[in-house]
Number of protein chains: 2
Amino acid sequence: MTSFKSFVPPQRILMGPGPSDVSQRVLDAMAKPTIGHLDPIFISMMDEIKTLLQYAFQTKNDLTFAVSAPGMAGMECCFANLVEPDDKVIIAKNGFFGERMKENVERFGGIPIVVDDVWGTKVDLNKIEDALNHHNDVKIVASVHAETSTGALTDPKSITKLAHDHGCLSIVDTVTGLAGVPLNVDEWEIDAIYSGTQKCLSASPGLSPISFSDKAKEKIMSRKSKVKSWFLDLNLIMSYWEGDGARSYHHTAPINALYGLHEALLILKEEGLENSWKRHLDNHLILRSGLEKLNIEFLVNEMDRLPQLNTIFIPDGVNDLKSRQRLINEFNLEIGAGLGVLAGKVWRIGLMGQSSNKKNIEHCLNSLAEVI
Amino acid sequence: MTSFKSFVPPQRILMGPGPSDVSQRVLDAMAKPTIGHLDPIFISMMDEIKTLLQYAFQTKNDLTFAVSAPGMAGMECCFANLVEPDDKVIIAKNGFFGERMKENVERFGGIPIVVDDVWGTKVDLNKIEDALNHHNDVKIVASVHAETSTGALTDPKSITKLAHDHGCLSIVDTVTGLAGVPLNVDEWEIDAIYSGTQKCLSASPGLSPISFSDKAKEKIMSRKSKVKSWFLDLNLIMSYWEGDGARSYHHTAPINALYGLHEALLILKEEGLENSWKRHLDNHLILRSGLEKLNIEFLVNEMDRLPQLNTIFIPDGVNDLKSRQRLINEFNLEIGAGLGVLAGKVWRIGLMGQSSNKKNIEHCLNSLAEVI
């Protein structure tokens, strides 16, 4: 231990499924002096984060904030608060994160009804409708906007409409979606949605942007049983992120991480949300064209691909682990391995946030050409 | 929103109950380039953090790491993993955080047995022994080493011995204790302990150092019911923080916050743990002497005071809120308000980590003299 030194990380090019490249502006913001979580100046910054998150989500939801923990805690925050014991929850599962939703529902005493789709395809709306017709008294339909494990884009607007037609709430995972593909929480009438900071927002990991509709908020405030988490109980958190004047202490917010998120959201605002969506799509097309020249094939049908997460088959005869090790050791390039059933079969190339730029694409294509 | 600018926080002097002053070294560390949470270089740094935390806790516990969320999530991690439905848990409550422990036990289906002591006093060991003799089949005794709401120091060594004599596990909250007062997890045989980064470690808030004995680990691995949290389930987290070679993905760690914790722990190692304890005590004595000259009285008996958290009565006729507002606006000095039953009656002056220095003490005494 006497030999331990200050940590000096290498300068990687982050083109995996997250974290994405964090800009110097955001890194510098995180290094600003720490102030107190109840300091009036800090509370003002929290208010700005809320406004900027409302912009990113395209919502006027009052209950919009950043959970003080990574995206998976955002998922847990939605399910812990909205699922009561014995609530039936339909989960549209087309990848790894649908499975996690099921785990969440079970742990909070709900009854998961899993509707399976093949990994790499989008959610089949007919199956969701069938499940809603077949099961009585379903309370919630949950789906993944942008499946980080496969790169498939799903249509949360239509799923939410089906949910509402059957008197259900809609929970949407947009961890990888936010700022990378079109999303309009209010227009699509989504009731609860969560994201992460380390994907298309390009802040450091550790926070989970989240938003709840008034209908979701009502359900939370009228729960019969207490939320099975004190840390994530929105009835308590609301008094810290909401209200005029003095805020109640709930927990100590991750001050410097929030500085970074504030800066990352400013960068998004400066670019403009629509421009960000367009940049992600344009750069995807450039990458796609380069990959095609290398005879590399995509897992997901062209129509359903996430521009910010490109899942490709590992070419025949190419060693998965060794190639990724060469990419990181020789080219400082991180790409993602396959998850779950896709482990060893695919790679995931992220073009998220600051990582979505032409220089990165060129470096990635050149490096891939060397190792395959 | 168009007028939003990059956030530039003021340079405060943080002498409340946390966060404490964060050194430039730690701030600079957080601004280092973000790399992936599965990058081998990052995994090596996690291993160093584990070793450094073992040093700070004085333990060889293999299950020692930082929860990816603030101290209150560390509390929840202990209770969520160690409490099974209908488990009886004795809670030694002598302040605000004992109440939170009770909430935790209830939410995870346990039966809390609260043993009350007056706020500002330490835990009465006789009452704990009585409770253990009176109740059959108690599983856990929980106590707060350093009550952040009152500044009282309690003796977790003796409480743990009582717990073990009655076949119970011992959970200890040392959010404000770690690195500020003597603590020896292995010698005292504590089974589960959690802390925060923003107190005597002087890293930014957002992580919770935590450690579990082998006996606690066995209980977690042999649970009959699943942990009521996926995010905090140690059965899952172990595979990310432990093991040789490849780590399993559980969630995306807060990369840059961990850089900061690594640096803060290095600073602690360089100073030496015993020297850190001594500095906190020495500076407390200097502050005490200055406060006595101002005729300010302490809430806690001299014998039971935490050197790093000085709770003082607000002098008669002095306006609580206005005085604290003057301190922050005119002197850039943050001190803490009273919590719970002590609101409006006391102030809490922190001398934690980097904030525990003579310059701060002088500034604090001079500023207090101006406003009271």
# chains A, B, ... in the order shown; residues from 1 in each chain; ligands from 1
call {"tool": "residues_around", "arguments": {"residues": "Glu129 in chain A", "least_positions_apart": "3", "cutoff": "9 Å", "atoms": "only C-alpha atoms", "output": "VMD selection string"}}
result
chain A and resid 125 to 126 132 to 134 159 162 to 163
call {"tool": "write_last_selection", "arguments": {"atoms": "N, CA and C atoms", "output": "mmCIF file, in the first residue's frame"}}
result
data_model
loop_
_atom_site.group_PDB
_atom_site.id
_atom_site.type_symbol
_atom_site.label_atom_id
_atom_site.label_comp_id
_atom_site.auth_asym_id
_atom_site.auth_seq_id
_atom_site.Cartn_x
_atom_site.Cartn_y
_atom_site.Cartn_z
ATOM 1 N N LEU A 125 -45.886 -4.747 -30.456
ATOM 2 C CA LEU A 125 -47.036 -4.107 -29.804
ATOM 3 C C LEU A 125 -48.227 -5.046 -29.678
ATOM 4 N N ASN A 126 -48.368 -5.939 -30.644
ATOM 5 C CA ASN A 126 -49.507 -6.871 -30.597
ATOM 6 C C ASN A 126 -49.444 -7.765 -29.367
ATOM 7 N N LEU A 132 -52.394 -7.389 -22.278
ATOM 8 C CA LEU A 132 -53.324 -6.491 -21.573
ATOM 9 C C LEU A 132 -54.753 -7.024 -21.635
ATOM 10 N N ASN A 133 -55.106 -7.632 -22.751
ATOM 11 C CA ASN A 133 -56.454 -8.193 -22.884
ATOM 12 C C ASN A 133 -56.614 -9.469 -22.069
ATOM 13 N N HIS A 134 -55.545 -10.199 -21.919
ATOM 14 C CA HIS A 134 -55.585 -11.518 -21.294
ATOM 15 C C HIS A 134 -55.571 -11.453 -19.764
ATOM 16 N N ILE A 159 -46.640 2.069 -26.839
ATOM 17 C CA ILE A 159 -46.807 1.211 -25.660
ATOM 18 C C ILE A 159 -47.554 1.975 -24.564
ATOM 19 N N LEU A 162 -51.249 2.097 -25.412
ATOM 20 C CA LEU A 162 -51.893 0.822 -25.063
ATOM 21 C C LEU A 162 -52.112 0.732 -23.549
ATOM 22 N N ALA A 163 -51.084 1.103 -22.788
ATOM 23 C CA ALA A 163 -51.176 1.044 -21.324
ATOM 24 C C ALA A 163 -52.343 1.907 -20.843
#
call {"tool": "interface_residues", "arguments": {"of": "chain B", "to": "chain A", "cutoff": "7 Å", "atoms": "only C-alpha atoms", "output": "count of residues only"}}
result
41
call {"tool": "atom_distance", "arguments": {"atom1": "CA of Ile349 in chain B", "atom2": "CA of Met238 in chain A"}}
result
27.4 Å
call {"tool": "select_by_dssp", "arguments": {"residues": "range 60-149 of chain B", "states": "alpha helix (DSSP H)", "output": "number ranges by chain"}}
result
B: 71-82, 96-107, 125-134
call {"tool": "write_last_selection", "arguments": {"atoms": "N, CA and C atoms", "output": "mmCIF file, in the first residue's frame"}}
result
data_model
loop_
_atom_site.group_PDB
_atom_site.id
_atom_site.type_symbol
_atom_site.label_atom_id
_atom_site.label_comp_id
_atom_site.auth_asym_id
_atom_site.auth_seq_id
_atom_site.Cartn_x
_atom_site.Cartn_y
_atom_site.Cartn_z
ATOM 1 N N GLY B 71 -24.138 8.206 1.943
ATOM 2 C CA GLY B 71 -24.155 7.471 3.213
ATOM 3 C C GLY B 71 -25.487 6.838 3.580
ATOM 4 N N MET B 72 -26.583 7.522 3.275
ATOM 5 C CA MET B 72 -27.885 6.961 3.630
ATOM 6 C C MET B 72 -28.175 5.682 2.844
ATOM 7 N N ALA B 73 -27.578 5.556 1.658
ATOM 8 C CA ALA B 73 -27.709 4.308 0.905
ATOM 9 C C ALA B 73 -26.825 3.230 1.528
ATOM 10 N N GLY B 74 -25.732 3.642 2.165
ATOM 11 C CA GLY B 74 -24.903 2.694 2.902
ATOM 12 C C GLY B 74 -25.684 2.107 4.066
ATOM 13 N N MET B 75 -26.400 2.978 4.792
ATOM 14 C CA MET B 75 -27.271 2.494 5.865
ATOM 15 C C MET B 75 -28.268 1.481 5.294
ATOM 16 N N GLU B 76 -28.908 1.875 4.214
ATOM 17 C CA GLU B 76 -29.921 1.009 3.612
ATOM 18 C C GLU B 76 -29.316 -0.311 3.131
ATOM 19 N N CYS B 77 -28.103 -0.239 2.624
ATOM 20 C CA CYS B 77 -27.419 -1.449 2.155
ATOM 21 C C CYS B 77 -27.246 -2.438 3.320
ATOM 22 N N CYS B 78 -26.857 -1.948 4.476
ATOM 23 C CA CYS B 78 -26.686 -2.834 5.638
ATOM 24 C C CYS B 78 -28.012 -3.466 6.053
ATOM 25 N N PHE B 79 -29.030 -2.644 6.206
ATOM 26 C CA PHE B 79 -30.303 -3.167 6.703
ATOM 27 C C PHE B 79 -31.004 -4.028 5.655
ATOM 28 N N ALA B 80 -30.949 -3.611 4.394
ATOM 29 C CA ALA B 80 -31.611 -4.387 3.339
ATOM 30 C C ALA B 80 -31.019 -5.786 3.239
ATOM 31 N N ASN B 81 -29.711 -5.884 3.422
ATOM 32 C CA ASN B 81 -29.049 -7.179 3.251
ATOM 33 C C ASN B 81 -29.101 -8.042 4.507
ATOM 34 N N LEU B 82 -29.086 -7.424 5.669
ATOM 35 C CA LEU B 82 -28.977 -8.202 6.912
ATOM 36 C C LEU B 82 -30.308 -8.466 7.601
ATOM 37 N N PHE B 96 -31.138 11.627 15.575
ATOM 38 C CA PHE B 96 -31.879 11.597 14.315
ATOM 39 C C PHE B 96 -31.644 10.309 13.533
ATOM 40 N N PHE B 97 -30.410 9.811 13.547
ATOM 41 C CA PHE B 97 -30.084 8.711 12.644
ATOM 42 C C PHE B 97 -30.535 7.354 13.180
ATOM 43 N N GLY B 98 -30.757 7.277 14.498
ATOM 44 C CA GLY B 98 -31.397 6.094 15.058
ATOM 45 C C GLY B 98 -32.810 5.950 14.515
ATOM 46 N N GLU B 99 -33.490 7.090 14.384
ATOM 47 C CA GLU B 99 -34.851 7.072 13.831
ATOM 48 C C GLU B 99 -34.846 6.544 12.393
ATOM 49 N N ARG B 100 -33.837 6.914 11.661
ATOM 50 C CA ARG B 100 -33.750 6.423 10.279
ATOM 51 C C ARG B 100 -33.495 4.929 10.228
ATOM 52 N N MET B 101 -32.702 4.446 11.178
ATOM 53 C CA MET B 101 -32.471 3.004 11.256
ATOM 54 C C MET B 101 -33.796 2.278 11.474
ATOM 55 N N LYS B 102 -34.620 2.827 12.355
ATOM 56 C CA LYS B 102 -35.928 2.227 12.625
ATOM 57 C C LYS B 102 -36.751 2.147 11.333
ATOM 58 N N GLU B 103 -36.768 3.250 10.593
ATOM 59 C CA GLU B 103 -37.479 3.276 9.310
ATOM 60 C C GLU B 103 -36.967 2.182 8.376
ATOM 61 N N ASN B 104 -35.661 2.023 8.369
ATOM 62 C CA ASN B 104 -35.056 0.996 7.513
ATOM 63 C C ASN B 104 -35.525 -0.395 7.913
ATOM 64 N N VAL B 105 -35.456 -0.687 9.190
ATOM 65 C CA VAL B 105 -35.841 -2.017 9.664
ATOM 66 C C VAL B 105 -37.287 -2.305 9.284
ATOM 67 N N GLU B 106 -38.170 -1.329 9.514
ATOM 68 C CA GLU B 106 -39.588 -1.520 9.199
ATOM 69 C C GLU B 106 -39.809 -1.772 7.719
ATOM 70 N N ARG B 107 -39.125 -0.991 6.901
ATOM 71 C CA ARG B 107 -39.356 -1.121 5.462
ATOM 72 C C ARG B 107 -38.888 -2.467 4.925
ATOM 73 N N LEU B 125 -25.346 1.607 27.911
ATOM 74 C CA LEU B 125 -25.123 0.175 27.675
ATOM 75 C C LEU B 125 -26.064 -0.700 28.502
ATOM 76 N N ASN B 126 -26.405 -0.228 29.676
ATOM 77 C CA ASN B 126 -27.301 -1.021 30.532
ATOM 78 C C ASN B 126 -28.662 -1.223 29.871
ATOM 79 N N LYS B 127 -29.138 -0.173 29.228
ATOM 80 C CA LYS B 127 -30.442 -0.287 28.554
ATOM 81 C C LYS B 127 -30.384 -1.303 27.415
ATOM 82 N N ILE B 128 -29.243 -1.334 26.722
ATOM 83 C CA ILE B 128 -29.097 -2.294 25.618
ATOM 84 C C ILE B 128 -29.086 -3.715 26.182
ATOM 85 N N GLU B 129 -28.367 -3.882 27.263
ATOM 86 C CA GLU B 129 -28.309 -5.213 27.884
ATOM 87 C C GLU B 129 -29.702 -5.639 28.373
ATOM 88 N N ASP B 130 -30.413 -4.704 28.992
ATOM 89 C CA ASP B 130 -31.782 -5.002 29.438
ATOM 90 C C ASP B 130 -32.647 -5.440 28.260
ATOM 91 N N ALA B 131 -32.553 -4.716 27.176
ATOM 92 C CA ALA B 131 -33.382 -5.037 26.005
ATOM 93 C C ALA B 131 -33.017 -6.422 25.472
ATOM 94 N N LEU B 132 -31.730 -6.728 25.470
ATOM 95 C CA LEU B 132 -31.295 -8.048 24.986
ATOM 96 C C LEU B 132 -31.794 -9.154 25.919
ATOM 97 N N ASN B 133 -31.834 -8.878 27.199
ATOM 98 C CA ASN B 133 -32.321 -9.885 28.147
ATOM 99 C C ASN B 133 -33.843 -10.033 28.078
ATOM 100 N N HIS B 134 -34.497 -8.949 27.733
ATOM 101 C CA HIS B 134 -35.961 -8.919 27.778
ATOM 102 C C HIS B 134 -36.602 -9.528 26.535
#
call {"tool": "atom_distance", "arguments": {"atom1": "CA of Ile140 in chain B", "atom2": "CA of Ala56 in chain B"}}
result
24.0 Å
call {"tool": "residues_around", "arguments": {"residues": "Asn61 in chain A", "least_positions_apart": "6", "cutoff": "7 Å", "atoms": "only C-alpha atoms", "output": "PyMOL selection string"}}
result
chain A and resi 211-213
call {"tool": "residues_around", "arguments": {"residues": "Arg223 in chain A", "least_positions_apart": "6", "cutoff": "12 Å", "atoms": "only C-alpha atoms", "output": "CSV table (one decimal) with C-alpha atoms, in the first residue's frame"}}
result
chain,number,residue,atom,x,y,z
A,80,ALA,CA,-40.1,0.8,-5.7
A,81,ASN,CA,-42.4,3.8,-5.7
A,82,LEU,CA,-45.0,2.7,-8.2
A,83,VAL,CA,-45.3,-1.0,-7.5
A,84,GLU,CA,-47.4,-2.0,-4.5
A,85,PRO,CA,-47.6,-5.6,-3.3
A,87,ASP,CA,-49.6,-5.2,-8.4
A,216,ALA,CA,-47.8,8.7,-11.2
A,217,LYS,CA,-47.2,11.2,-8.4
A,233,ASP,CA,-38.9,7.0,-1.3
A,234,LEU,CA,-40.2,9.9,-3.4
A,235,ASN,CA,-42.6,11.0,-0.7
call {"tool": "select_by_dssp", "arguments": {"residues": "range 136-289 of chain B", "states": "strand (DSSP E or B)", "output": "MDAnalysis selection string"}}
result
chainID B and resid 138:144 146:147 152:153 169:173 192:194 208:212
call {"tool": "residues_around", "arguments": {"residues": "range 273-283 of chain A", "least_positions_apart": "3", "cutoff": "10 Å", "atoms": "only C-alpha atoms", "output": "PyMOL selection string"}}
result
chain A and resi 55-58+177-183+200-201+268-270+286-289+305-309+351-358+360-361
call {"tool": "write_last_selection", "arguments": {"atoms": "N, CA and C atoms", "output": "short mmCIF file (atom, residue, chain, number, x, y, z; two decimals), in the first residue's frame"}}
result
data_model
loop_
_atom_site.label_atom_id
_atom_site.label_comp_id
_atom_site.auth_asym_id
_atom_site.auth_seq_id
_atom_site.Cartn_x
_atom_site.Cartn_y
_atom_site.Cartn_z
N TYR A 55 -36.31 20.10 -20.02
CA TYR A 55 -36.05 20.32 -21.44
C TYR A 55 -35.59 19.02 -22.12
N ALA A 56 -34.64 18.34 -21.51
CA ALA A 56 -34.10 17.11 -22.11
C ALA A 56 -35.19 16.05 -22.27
N PHE A 57 -36.06 15.95 -21.26
CA PHE A 57 -37.16 14.97 -21.32
C PHE A 57 -38.36 15.50 -22.12
N GLN A 58 -38.37 16.80 -22.43
CA GLN A 58 -39.53 17.45 -23.03
C GLN A 58 -40.77 17.23 -22.17
N GLY A 177 -31.41 6.19 -24.18
CA GLY A 177 -32.17 6.94 -25.17
C GLY A 177 -32.03 8.45 -25.06
N LEU A 178 -32.09 8.97 -23.84
CA LEU A 178 -32.20 10.41 -23.62
C LEU A 178 -31.11 11.20 -24.35
N ALA A 179 -31.55 12.14 -25.16
CA ALA A 179 -30.70 13.05 -25.94
C ALA A 179 -30.10 12.39 -27.18
N GLY A 180 -30.30 11.09 -27.33
CA GLY A 180 -29.74 10.39 -28.49
C GLY A 180 -30.77 10.10 -29.56
N VAL A 181 -32.00 9.90 -29.18
CA VAL A 181 -33.10 9.66 -30.12
C VAL A 181 -34.31 10.47 -29.65
N PRO A 182 -35.22 10.79 -30.59
CA PRO A 182 -36.38 11.58 -30.20
C PRO A 182 -37.14 10.98 -29.01
N LEU A 183 -37.53 11.87 -28.12
CA LEU A 183 -38.28 11.48 -26.92
C LEU A 183 -39.07 12.70 -26.51
N CYS A 200 -25.87 9.44 -23.53
CA CYS A 200 -25.89 10.54 -24.49
C CYS A 200 -25.79 11.92 -23.86
N LEU A 201 -25.84 12.01 -22.53
CA LEU A 201 -25.60 13.30 -21.88
C LEU A 201 -24.11 13.54 -21.65
N LEU A 268 -25.97 20.38 -23.85
CA LEU A 268 -27.10 19.87 -24.65
C LEU A 268 -28.01 21.01 -25.07
N LYS A 269 -28.29 21.92 -24.15
CA LYS A 269 -29.17 23.05 -24.47
C LYS A 269 -28.56 23.93 -25.54
N GLU A 270 -27.22 24.14 -25.43
CA GLU A 270 -26.55 24.98 -26.43
C GLU A 270 -26.64 24.35 -27.82
N ILE A 286 -22.66 7.33 -40.90
CA ILE A 286 -21.25 7.31 -41.33
C ILE A 286 -20.57 6.03 -40.81
N LEU A 287 -20.83 5.71 -39.56
CA LEU A 287 -20.23 4.49 -39.00
C LEU A 287 -20.74 3.27 -39.76
N ARG A 288 -22.04 3.24 -40.00
CA ARG A 288 -22.64 2.09 -40.69
C ARG A 288 -21.98 1.86 -42.04
N SER A 289 -21.80 2.93 -42.75
CA SER A 289 -21.19 2.81 -44.08
C SER A 289 -19.77 2.26 -43.96
N ARG A 305 -32.81 0.23 -35.46
CA ARG A 305 -31.52 0.45 -34.82
C ARG A 305 -31.45 1.74 -34.03
N LEU A 306 -30.80 1.67 -32.89
CA LEU A 306 -30.43 2.88 -32.15
C LEU A 306 -29.19 3.47 -32.80
N PRO A 307 -29.23 4.72 -33.23
CA PRO A 307 -28.02 5.29 -33.82
C PRO A 307 -26.86 5.36 -32.83
N GLN A 308 -27.17 5.50 -31.54
CA GLN A 308 -26.12 5.69 -30.53
C GLN A 308 -25.55 4.39 -30.00
N LEU A 309 -26.12 3.25 -30.39
CA LEU A 309 -25.57 1.98 -29.91
C LEU A 309 -25.65 0.94 -31.02
N LEU A 351 -22.00 5.38 -29.93
CA LEU A 351 -21.77 6.73 -30.48
C LEU A 351 -22.66 7.66 -29.68
N MET A 352 -22.31 7.79 -28.42
CA MET A 352 -23.19 8.50 -27.50
C MET A 352 -22.60 9.84 -27.10
N GLY A 353 -23.44 10.84 -27.08
CA GLY A 353 -23.04 12.15 -26.56
C GLY A 353 -21.78 12.65 -27.23
N GLN A 354 -20.80 13.04 -26.41
CA GLN A 354 -19.55 13.59 -26.94
C GLN A 354 -18.78 12.56 -27.76
N SER A 355 -19.04 11.28 -27.55
CA SER A 355 -18.35 10.25 -28.32
C SER A 355 -18.84 10.17 -29.75
N SER A 356 -20.00 10.76 -30.01
CA SER A 356 -20.57 10.70 -31.35
C SER A 356 -19.98 11.82 -32.20
N ASN A 357 -18.79 11.54 -32.76
CA ASN A 357 -18.16 12.53 -33.64
C ASN A 357 -17.32 11.82 -34.70
N LYS A 358 -17.02 12.55 -35.74
CA LYS A 358 -16.38 11.92 -36.91
C LYS A 358 -14.98 11.40 -36.61
N ASN A 360 -13.86 10.15 -33.81
CA ASN A 360 -13.99 8.86 -33.13
C ASN A 360 -14.35 7.75 -34.11
N ILE A 361 -15.26 8.05 -35.02
CA ILE A 361 -15.70 7.04 -35.98
C ILE A 361 -14.51 6.57 -36.81
#
